[in-house]
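The data block below is input.pdb; it holds PDB, C-alpha atoms.
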```
ATOM      1  CA  MET E   1       0.000   0.000   0.000
ATOM      2  CA  ALA E   2       1.305   3.444  -0.913
ATOM      3  CA  ALA E   3       2.255   5.722   1.974
ATOM      4  CA  THR E   4      -0.404   8.186   3.097
ATOM      5  CA  LYS E   5       0.271  11.651   1.723
ATOM      6  CA  VAL E   6      -0.447  14.576   4.013
ATOM      7  CA  LEU E   7      -0.664  18.264   3.163
ATOM      8  CA  VAL E   8      -0.369  20.788   5.983
ATOM      9  CA  VAL E   9      -1.679  24.206   4.982
ATOM     10  CA  TYR E  10      -0.001  26.433   7.546
ATOM     11  CA  ALA E  11      -0.639  30.086   8.329
ATOM     12  CA  HIS E  12       1.474  31.805  10.962
ATOM     13  CA  GLN E  13       4.103  34.487  10.619
ATOM     14  CA  SER E  14       6.478  33.234  13.315
ATOM     15  CA  ALA E  15       8.645  30.123  13.430
ATOM     16  CA  GLY E  16       8.663  30.514  17.221
ATOM     17  CA  SER E  17       4.882  30.347  17.559
ATOM     18  CA  PHE E  18       2.747  27.656  19.160
ATOM     19  CA  ASN E  19       1.165  27.077  15.734
ATOM     20  CA  SER E  20       4.597  26.411  14.305
ATOM     21  CA  ALA E  21       5.257  23.871  17.050
ATOM     22  CA  ALA E  22       1.915  22.181  16.319
ATOM     23  CA  LYS E  23       2.787  22.061  12.617
ATOM     24  CA  ASP E  24       6.215  20.622  13.357
ATOM     25  CA  ALA E  25       4.652  17.967  15.586
ATOM     26  CA  ALA E  26       2.360  16.878  12.749
ATOM     27  CA  VAL E  27       5.264  16.685  10.307
ATOM     28  CA  GLU E  28       7.401  14.692  12.760
ATOM     29  CA  VAL E  29       4.808  12.252  14.108
ATOM     30  CA  LEU E  30       3.082  11.537  10.812
ATOM     31  CA  GLY E  31       6.425  11.286   9.035
ATOM     32  CA  ALA E  32       7.573   8.730  11.601
ATOM     33  CA  GLN E  33       4.536   6.633  10.653
ATOM     34  CA  GLY E  34       5.689   6.519   7.045
ATOM     35  CA  CYS E  35       3.538   9.355   5.755
ATOM     36  CA  THR E  36       4.813  11.750   3.135
ATOM     37  CA  VAL E  37       4.165  15.205   4.571
ATOM     38  CA  ASP E  38       4.164  18.378   2.480
ATOM     39  CA  VAL E  39       3.784  21.830   4.053
ATOM     40  CA  SER E  40       2.381  24.906   2.341
ATOM     41  CA  ASP E  41       3.752  27.691   4.552
ATOM     42  CA  LEU E  42       1.551  30.484   3.258
ATOM     43  CA  TYR E  43       3.424  33.426   4.777
ATOM     44  CA  ALA E  44       6.799  32.050   3.689
ATOM     45  CA  LEU E  45       5.375  31.589   0.195
ATOM     46  CA  LYS E  46       3.962  35.125   0.300
ATOM     47  CA  PHE E  47       0.801  33.470  -0.973
ATOM     48  CA  LYS E  48      -1.496  35.912  -2.736
ATOM     49  CA  ALA E  49      -4.741  36.202  -0.763
ATOM     50  CA  THR E  50      -6.883  38.158  -3.230
ATOM     51  CA  ALA E  51      -8.981  36.443  -5.897
ATOM     52  CA  THR E  52      -8.507  38.535  -9.042
ATOM     53  CA  ALA E  53      -8.206  38.278 -12.803
ATOM     54  CA  ASP E  54      -4.439  37.971 -12.277
ATOM     55  CA  ASP E  55      -5.104  34.355 -11.300
ATOM     56  CA  ILE E  56      -5.765  33.592 -14.971
ATOM     57  CA  VAL E  57      -3.011  33.362 -17.560
ATOM     58  CA  GLY E  58      -3.975  35.228 -20.724
ATOM     59  CA  GLU E  59      -7.221  36.976 -21.543
ATOM     60  CA  VAL E  60     -10.383  36.394 -19.573
ATOM     61  CA  LYS E  61     -13.527  35.379 -21.427
ATOM     62  CA  ASN E  62     -15.715  38.244 -20.273
ATOM     63  CA  GLN E  63     -13.842  41.421 -19.441
ATOM     64  CA  ASP E  64     -16.995  43.524 -19.148
ATOM     65  CA  HIS E  65     -18.553  41.335 -16.484
ATOM     66  CA  PHE E  66     -15.777  39.423 -14.774
ATOM     67  CA  CYS E  67     -17.046  36.470 -12.719
ATOM     68  CA  TYR E  68     -14.236  34.840 -10.742
ATOM     69  CA  ALA E  69     -15.930  31.450 -10.318
ATOM     70  CA  GLU E  70     -16.783  31.104 -13.991
ATOM     71  CA  GLU E  71     -13.472  32.430 -15.291
ATOM     72  CA  THR E  72     -11.325  30.255 -13.023
ATOM     73  CA  LYS E  73     -13.390  27.191 -13.894
ATOM     74  CA  LEU E  74     -12.642  27.792 -17.572
ATOM     75  CA  ALA E  75      -8.989  28.520 -16.795
ATOM     76  CA  TRP E  76      -8.694  25.291 -14.794
ATOM     77  CA  GLU E  77     -10.204  23.313 -17.670
ATOM     78  CA  GLU E  78      -7.740  24.917 -20.092
ATOM     79  CA  GLY E  79      -4.695  24.738 -17.802
ATOM     80  CA  LYS E  80      -4.486  28.520 -17.579
ATOM     81  CA  LEU E  81      -4.599  29.144 -13.843
ATOM     82  CA  SER E  82      -1.662  31.001 -12.316
ATOM     83  CA  GLU E  83       1.363  28.945 -11.329
ATOM     84  CA  ASP E  84       0.864  29.302  -7.568
ATOM     85  CA  ILE E  85      -2.710  27.992  -7.760
ATOM     86  CA  MET E  86      -1.726  25.084  -9.973
ATOM     87  CA  GLU E  87       1.072  24.136  -7.567
ATOM     88  CA  GLU E  88      -1.282  24.084  -4.578
ATOM     89  CA  GLN E  89      -3.856  22.096  -6.544
ATOM     90  CA  ARG E  90      -1.127  19.608  -7.427
ATOM     91  CA  LYS E  91      -0.309  19.151  -3.731
ATOM     92  CA  LEU E  92      -3.989  18.839  -2.825
ATOM     93  CA  THR E  93      -4.683  16.312  -5.584
ATOM     94  CA  GLN E  94      -1.930  14.071  -4.236
ATOM     95  CA  ALA E  95      -2.945  14.400  -0.580
ATOM     96  CA  ASP E  96      -4.974  11.824   1.324
ATOM     97  CA  LEU E  97      -5.228  14.064   4.399
ATOM     98  CA  VAL E  98      -5.167  17.855   4.661
ATOM     99  CA  ILE E  99      -4.494  19.624   7.968
ATOM    100  CA  PHE E 100      -5.183  23.343   8.199
ATOM    101  CA  GLN E 101      -2.985  24.764  10.970
ATOM    102  CA  PHE E 102      -3.707  28.358  12.002
ATOM    103  CA  PRO E 103      -4.542  30.837  14.754
ATOM    104  CA  MET E 104      -8.249  31.670  14.772
ATOM    105  CA  TYR E 105      -8.761  35.237  13.533
ATOM    106  CA  TRP E 106     -12.145  36.845  14.058
ATOM    107  CA  PHE E 107     -13.882  33.474  14.542
ATOM    108  CA  SER E 108     -12.443  32.189  11.263
ATOM    109  CA  VAL E 109      -9.179  31.541   9.426
ATOM    110  CA  PRO E 110      -6.522  34.213   8.769
ATOM    111  CA  GLY E 111      -6.992  36.189   5.548
ATOM    112  CA  ILE E 112      -4.051  34.498   3.825
ATOM    113  CA  MET E 113      -5.605  31.069   4.466
ATOM    114  CA  LYS E 114      -9.010  32.271   3.303
ATOM    115  CA  GLY E 115      -7.223  33.372   0.136
ATOM    116  CA  TRP E 116      -5.853  29.842  -0.283
ATOM    117  CA  ILE E 117      -9.393  28.483   0.062
ATOM    118  CA  ASP E 118     -10.863  31.029  -2.351
ATOM    119  CA  ARG E 119      -8.192  30.597  -4.992
ATOM    120  CA  VAL E 120      -7.239  26.908  -4.775
ATOM    121  CA  LEU E 121     -10.687  25.362  -4.339
ATOM    122  CA  THR E 122     -11.885  26.505  -7.745
ATOM    123  CA  SER E 123     -15.162  25.526  -9.343
ATOM    124  CA  GLY E 124     -14.731  22.404 -11.436
ATOM    125  CA  TYR E 125     -11.598  21.326  -9.610
ATOM    126  CA  ALA E 126     -12.956  21.202  -6.038
ATOM    127  CA  PHE E 127     -16.714  21.107  -6.577
ATOM    128  CA  THR E 128     -19.521  21.189  -9.114
ATOM    129  CA  GLN E 129     -23.268  21.532  -8.732
ATOM    130  CA  GLU E 130     -23.538  17.769  -9.069
ATOM    131  CA  LYS E 131     -20.508  16.855  -6.972
ATOM    132  CA  ARG E 132     -20.629  18.463  -3.546
ATOM    133  CA  TYR E 133     -21.243  17.572   0.092
ATOM    134  CA  SER E 134     -21.391  13.779   0.596
ATOM    135  CA  GLN E 135     -21.072  13.275  -3.171
ATOM    136  CA  GLY E 136     -18.222  15.767  -3.385
ATOM    137  CA  ILE E 137     -15.088  15.547  -5.482
ATOM    138  CA  PHE E 138     -12.834  14.997  -2.441
ATOM    139  CA  LYS E 139     -14.987  12.321  -0.774
ATOM    140  CA  ASP E 140     -12.018   9.950  -0.634
ATOM    141  CA  LYS E 141      -9.858  12.494   1.186
ATOM    142  CA  LYS E 142      -9.823  13.576   4.829
ATOM    143  CA  ALA E 143      -9.363  17.082   6.157
ATOM    144  CA  MET E 144      -9.286  18.755   9.537
ATOM    145  CA  LEU E 145      -8.788  22.067  11.294
ATOM    146  CA  SER E 146      -6.050  22.462  13.903
ATOM    147  CA  PHE E 147      -6.015  25.894  15.479
ATOM    148  CA  THR E 148      -5.332  28.095  18.472
ATOM    149  CA  THR E 149      -7.817  30.449  20.072
ATOM    150  CA  GLY E 150      -7.285  33.706  21.892
ATOM    151  CA  SER E 151     -10.160  33.012  24.292
ATOM    152  CA  ASN E 152     -10.643  30.338  26.921
ATOM    153  CA  GLU E 153     -12.795  27.290  26.226
ATOM    154  CA  SER E 154     -15.536  28.500  28.592
ATOM    155  CA  MET E 155     -16.037  31.604  26.432
ATOM    156  CA  PHE E 156     -16.852  29.374  23.444
ATOM    157  CA  SER E 157     -19.507  27.369  25.285
ATOM    158  CA  ALA E 158     -23.274  27.412  24.761
ATOM    159  CA  ASN E 159     -23.501  29.902  27.654
ATOM    160  CA  GLY E 160     -20.264  31.735  26.863
ATOM    161  CA  ILE E 161     -19.896  35.267  25.549
ATOM    162  CA  ASN E 162     -18.361  34.085  22.249
ATOM    163  CA  GLY E 163     -21.091  31.533  21.646
ATOM    164  CA  ASP E 164     -20.987  27.804  20.988
ATOM    165  CA  MET E 165     -17.806  26.716  19.166
ATOM    166  CA  ASN E 166     -19.904  24.172  17.270
ATOM    167  CA  VAL E 167     -21.755  27.061  15.635
ATOM    168  CA  THR E 168     -18.517  28.898  14.873
ATOM    169  CA  LEU E 169     -17.083  25.824  13.141
ATOM    170  CA  TRP E 170     -20.148  25.025  11.009
ATOM    171  CA  PRO E 171     -19.319  27.423   8.110
ATOM    172  CA  LEU E 172     -15.727  26.162   7.945
ATOM    173  CA  GLN E 173     -16.312  22.445   8.384
ATOM    174  CA  ASN E 174     -19.627  22.110   6.557
ATOM    175  CA  GLY E 175     -19.564  25.083   4.202
ATOM    176  CA  ILE E 176     -16.005  24.554   2.953
ATOM    177  CA  LEU E 177     -14.569  21.130   3.807
ATOM    178  CA  HIS E 178     -17.699  18.985   3.669
ATOM    179  CA  TYR E 179     -19.002  21.022   0.728
ATOM    180  CA  CYS E 180     -15.996  19.840  -1.280
ATOM    181  CA  GLY E 181     -16.645  16.274  -0.150
ATOM    182  CA  PHE E 182     -13.887  15.892   2.445
ATOM    183  CA  GLN E 183     -14.376  13.447   5.283
ATOM    184  CA  VAL E 184     -13.959  15.951   8.106
ATOM    185  CA  LEU E 185     -12.041  14.808  11.156
ATOM    186  CA  ALA E 186     -12.768  16.401  14.524
ATOM    187  CA  PRO E 187     -10.850  19.649  14.982
ATOM    188  CA  GLN E 188      -7.782  19.958  17.179
ATOM    189  CA  ILE E 189      -8.459  23.012  19.301
ATOM    190  CA  PHE E 190      -5.692  24.540  21.398
ATOM    191  CA  TRP E 191      -7.527  26.757  23.848
ATOM    192  CA  ALA E 192      -5.755  30.076  24.497
ATOM    193  CA  PRO E 193      -2.152  28.824  24.622
ATOM    194  CA  SER E 194      -0.867  32.387  24.915
ATOM    195  CA  HIS E 195      -2.642  32.736  28.271
ATOM    196  CA  VAL E 196      -1.190  29.669  29.997
ATOM    197  CA  GLU E 197       2.195  28.674  31.375
ATOM    198  CA  ALA E 198       4.833  26.834  29.337
ATOM    199  CA  GLU E 199       4.066  23.567  31.119
ATOM    200  CA  ALA E 200       0.409  23.740  30.046
ATOM    201  CA  ARG E 201       1.440  24.487  26.465
ATOM    202  CA  GLY E 202       3.699  21.441  26.579
ATOM    203  CA  THR E 203       0.761  19.349  27.747
ATOM    204  CA  MET E 204      -1.326  20.640  24.835
ATOM    205  CA  LEU E 205       1.356  19.662  22.339
ATOM    206  CA  GLY E 206       1.768  16.295  24.038
ATOM    207  CA  GLY E 207      -1.943  15.637  23.594
ATOM    208  CA  TRP E 208      -1.685  16.545  19.911
ATOM    209  CA  ARG E 209       1.266  14.214  19.444
ATOM    210  CA  THR E 210      -0.687  11.405  21.059
ATOM    211  CA  ARG E 211      -3.678  12.049  18.836
ATOM    212  CA  LEU E 212      -1.487  12.115  15.740
ATOM    213  CA  GLN E 213      -0.417   8.554  16.472
ATOM    214  CA  GLY E 214      -3.942   7.340  15.667
ATOM    215  CA  LEU E 215      -5.200  10.191  13.513
ATOM    216  CA  LEU E 216      -5.307   8.191  10.285
ATOM    217  CA  ARG E 217      -7.666   5.669  11.896
ATOM    218  CA  GLU E 218     -10.148   8.189  13.261
ATOM    219  CA  ALA E 219     -13.774   8.224  12.125
ATOM    220  CA  PRO E 220     -14.971  11.519  10.629
ATOM    221  CA  LEU E 221     -17.674  13.861  11.900
ATOM    222  CA  SER E 222     -21.231  13.139  10.797
ATOM    223  CA  PHE E 223     -23.117  15.238   8.265
ATOM    224  CA  THR E 224     -26.540  14.706   6.719
ATOM    225  CA  PRO E 225     -26.129  12.801   3.410
ATOM    226  CA  SER E 226     -26.923  14.691   0.207
ATOM    227  CA  ASP E 227     -29.628  12.225  -0.742
ATOM    228  CA  SER E 228     -31.622  13.294   2.327
ATOM    229  CA  PHE E 229     -32.477  16.512   0.483
ATOM    230  CA  ASP E 230     -34.880  16.964  -2.439
ATOM    231  CA  GLY E 231     -33.191  18.910  -5.228
ATOM    232  CA  ALA E 232     -36.485  19.405  -7.030
ATOM    233  CA  LYS E 233     -37.860  21.218  -3.993
ATOM    234  CA  GLY E 234     -35.098  23.649  -3.170
ATOM    235  CA  PHE E 235     -32.890  21.036  -1.486
ATOM    236  CA  GLN E 236     -35.190  20.767   1.512
ATOM    237  CA  LEU E 237     -35.121  17.695   3.753
ATOM    238  CA  LYS E 238     -37.221  14.952   2.255
ATOM    239  CA  PRO E 239     -40.505  14.325   4.150
ATOM    240  CA  GLU E 240     -39.489  10.789   5.071
ATOM    241  CA  VAL E 241     -36.251  12.075   6.616
ATOM    242  CA  GLN E 242     -38.128  14.693   8.610
ATOM    243  CA  GLU E 243     -40.626  12.096   9.793
ATOM    244  CA  LYS E 244     -37.876   9.696  10.824
ATOM    245  CA  HIS E 245     -36.328  12.328  13.092
ATOM    246  CA  GLU E 246     -39.560  13.946  14.241
ATOM    247  CA  GLY E 247     -39.381  12.517  17.735
ATOM    248  CA  GLN E 248     -35.691  13.228  18.284
ATOM    249  CA  GLU E 249     -34.661  15.760  20.920
ATOM    250  CA  PHE E 250     -31.928  17.298  18.789
ATOM    251  CA  GLY E 251     -31.826  18.507  15.204
ATOM    252  CA  LEU E 252     -29.835  16.654  12.575
ATOM    253  CA  THR E 253     -26.898  19.054  12.531
ATOM    254  CA  VAL E 254     -25.884  22.523  13.679
ATOM    255  CA  GLY E 255     -27.150  23.961  10.390
ATOM    256  CA  THR E 256     -30.017  21.603   9.555
ATOM    257  CA  HIS E 257     -31.474  21.691  13.053
ATOM    258  CA  GLN E 258     -35.184  21.541  12.154
ATOM    259  CA  GLY E 259     -35.933  24.186  14.756
ATOM    260  CA  LYS E 260     -34.771  21.876  17.548
ATOM    261  CA  ARG E 261     -31.936  22.029  20.043
ATOM    262  CA  LEU E 262     -28.530  21.789  18.403
ATOM    263  CA  PRO E 263     -26.833  18.393  18.661
ATOM    264  CA  PRO E 264     -24.161  18.929  21.354
ATOM    265  CA  ASN E 265     -20.521  18.897  20.230
ATOM    266  CA  SER E 266     -21.349  17.504  16.791
ATOM    267  CA  GLN E 267     -18.719  19.747  15.193
ATOM    268  CA  ILE E 268     -16.104  18.936  17.825
ATOM    269  CA  ARG E 269     -16.348  15.194  18.383
ATOM    270  CA  ALA E 270     -17.079  12.315  16.018
ATOM    271  CA  GLY E 271     -19.931   9.938  16.737
ATOM    272  CA  VAL E 272     -22.298  12.438  18.335
TER
END
```
Using structure tokens, write down the structure from this file.
Amino acid sequence: MAATKVLVVYAHQSAGSFNSAAKDAAVEVLGAQGCTVDVSDLYALKFKATATADDIVGEVKNQDHFCYAEETKLAWEEGKLSEDIMEEQRKLTQADLVIFQFPMYWFSVPGIMKGWIDRVLTSGYAFTQEKRYSQGIFKDKKAMLSFTTGSNESMFSANGINGDMNVTLWPLQNGILHYCGFQVLAPQIFWAPSHVEAEARGTMLGGWRTRLQGLLREAPLSFTPSDSFDGAKGFQLKPEVQEKHEGQEFGLTVGTHQGKRLPPNSQIRAGV
């Protein structure tokens, strides 16, 4: 069996950061298991974060009404995307597992990583109208978020001032990763490492190293299958699916909650 190929998409400016240590741990531990690990260090690459017509080599098809999604889809089909995008798509195509390592900025990813998502996950290459969610193009690949927060875990609870972390993660894990078909592994969350002592940070990294030992065997998070929705009726839940879950206390997912209580920790732990 060929060795598992891992891509770490990494976004931090400092080699002395906790994020850098977490990235290094992934490279070391997964590499020791025989994985081939590639790192896209976005700041070191000076990766362009803005999605513009410069991402297309040659003339665009419609200069008067430039549509990035349409133009990059055509450029991908014709092999005319910019070199940096094509290189990242090459890495992603080869990868079996993608780890996004970053500090959480404004409840999301840093701008440079959002630029990677916007520019690399182009229409046609990463998704189509027919191939998305559980039928997505990357359904045979796994992906996960590994990130640091600036706030304590209690602040991201259902009663915390920042709100439930499960809600914060839904757009990233469902709207980006699952949308492209990835099997989404539970996130690795490092709660406020900058606010704890060195010993506690060491414990956090030790926990990550332990998890990495079995990461490739982990089951992914659960999402509602695409065939549970009726495309002819605005992609609403099919009546039989609604009826099946009518008596359940919790909704299906954080997003498709059916007006019920949100399933607890469904975006943080697998099997719930």
Carefully work through the PyMOL selection byres ((chain E and resi 227) around 9) for this structure and note down the residues it includes, as number ranges by chain. E: 134-135, 224-226, 228-231, 237-238
Can you tell me which residues surround Lys73 (chain E) at a distance of at most 12 Å, considering all atoms listed in the file, apart from same-chain residues fewer than 3 positions away, and format the answer as a ChimeraX atom specification? /E:55-56,60-61,67-70,76-81,119-128
Result set, the PyMOL selection byres ((chain E and resi 22) around 9) on current file, as a PDB file with C-alpha atoms, in the frame of the given file:
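Result saved to result-v1.pdb:
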```pdb
ATOM      1  CA  SER E  17       4.882  30.347  17.559  1.00  0.00           C
ATOM      2  CA  PHE E  18       2.747  27.656  19.160  1.00  0.00           C
ATOM      3  CA  ASN E  19       1.165  27.077  15.734  1.00  0.00           C
ATOM      4  CA  SER E  20       4.597  26.411  14.305  1.00  0.00           C
ATOM      5  CA  ALA E  21       5.257  23.871  17.050  1.00  0.00           C
ATOM      6  CA  LYS E  23       2.787  22.061  12.617  1.00  0.00           C
ATOM      7  CA  ASP E  24       6.215  20.622  13.357  1.00  0.00           C
ATOM      8  CA  ALA E  25       4.652  17.967  15.586  1.00  0.00           C
ATOM      9  CA  ALA E  26       2.360  16.878  12.749  1.00  0.00           C
ATOM     10  CA  VAL E  27       5.264  16.685  10.307  1.00  0.00           C
ATOM     11  CA  GLN E 101      -2.985  24.764  10.970  1.00  0.00           C
ATOM     12  CA  SER E 146      -6.050  22.462  13.903  1.00  0.00           C
ATOM     13  CA  PHE E 147      -6.015  25.894  15.479  1.00  0.00           C
ATOM     14  CA  LEU E 205       1.356  19.662  22.339  1.00  0.00           C
ATOM     15  CA  TRP E 208      -1.685  16.545  19.911  1.00  0.00           C
ATOM     16  CA  ARG E 209       1.266  14.214  19.444  1.00  0.00           C
TER      17      ARG E 209
END
```
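Closest approach to Asn152 (chain E) among E:Val196, E:Ile176, E:Leu185, E:Ile137 is made by E:Val196 (distances from only C-alpha atoms).
Counting only C-alpha atoms and comparing E:Met113, E:Val254, E:Ala270, E:Val39, the residue that lies closest to Val98 (chain E) is E:Val39.
The smallest atom-to-atom distance between Phe156 (chain E) and any of E:Ala200, E:Glu243, E:Lys46, E:Ile268, using all atoms listed in the file, is found for E:Ile268.
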I'd like the residues picked by the PyMOL selection byres ((chain E and resi 250) around 7) written out as a ChimeraX atom specification, using the chain letters and numbers from the file. /E:248-249,251-252,260-263
How many Å lie between CA of Ile112 (chain E) and CA of Thr149 (chain E), rounded to one decimal? 17.2 Å
Centre and edges of the region 145-158 of chain E box, axis-aligned, 4 Å extra per side, as lines of an AutoDock Vina configuration file:
```
center_x = -14.3
center_y = 27.9
center_z = 19.9
size_x = 25.9
size_y = 19.6
size_z = 25.3
```
Compare E:Asn62, E:Asn265, E:Thr52, E:Gln13 by their minimum atom-to-atom distance to Gly115 (chain E), counting all atoms listed in the file, and give me the closest one. E:Thr52
Choose the residue, out of E:Met155, E:Cys35, E:Val167, E:Val9, that has the smallest atom-to-atom separation from His257 (chain E); count all atoms listed in the file.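 Distance minimum relative to His257 (chain E) lands on E:Val167.
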Near Asp140 (chain E), counting all atoms listed in the file, which residues have an atom at most 8 Å away, once you skip same-chain residues fewer than 5 positions from it, shown as a PyMOL selection string? chain E and resi 96+181-183
Output for the residues just chosen: C-alpha atoms as a PDB file, keeping the file's coordinate frame:
```pdb
ATOM      1  CA  ASP E  96      -4.974  11.824   1.324  1.00  0.00           C
ATOM      2  CA  GLY E 181     -16.645  16.274  -0.150  1.00  0.00           C
ATOM      3  CA  PHE E 182     -13.887  15.892   2.445  1.00  0.00           C
ATOM      4  CA  GLN E 183     -14.376  13.447   5.283  1.00  0.00           C
TER       5      GLN E 183
END
```
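The two atoms in question, CA of Trp116 (chain E) and CA of Leu42 (chain E), are spaced 8.2 Å apart.
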Interatomic distance, CA of Val57 (chain E) to CA of Lys114 (chain E) (Å, one decimal):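 For CA of Val57 (chain E) relative to CA of Lys114 (chain E), the distance reads 21.7 Å.
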List the neighbours of Leu215 (chain E) out to 10 Å using all atoms listed in the file; skip same-chain residues closer than 3 positions along the sequence, and give me the result as number ranges by chain. E: 30, 97, 185-186, 208-212, 218-219
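Distances from E:Pro193, E:Gly234, E:Gly271, E:Pro220 to Ser151 (chain E) were compared using only C-alpha atoms, and the smallest one belongs to E:Pro193.
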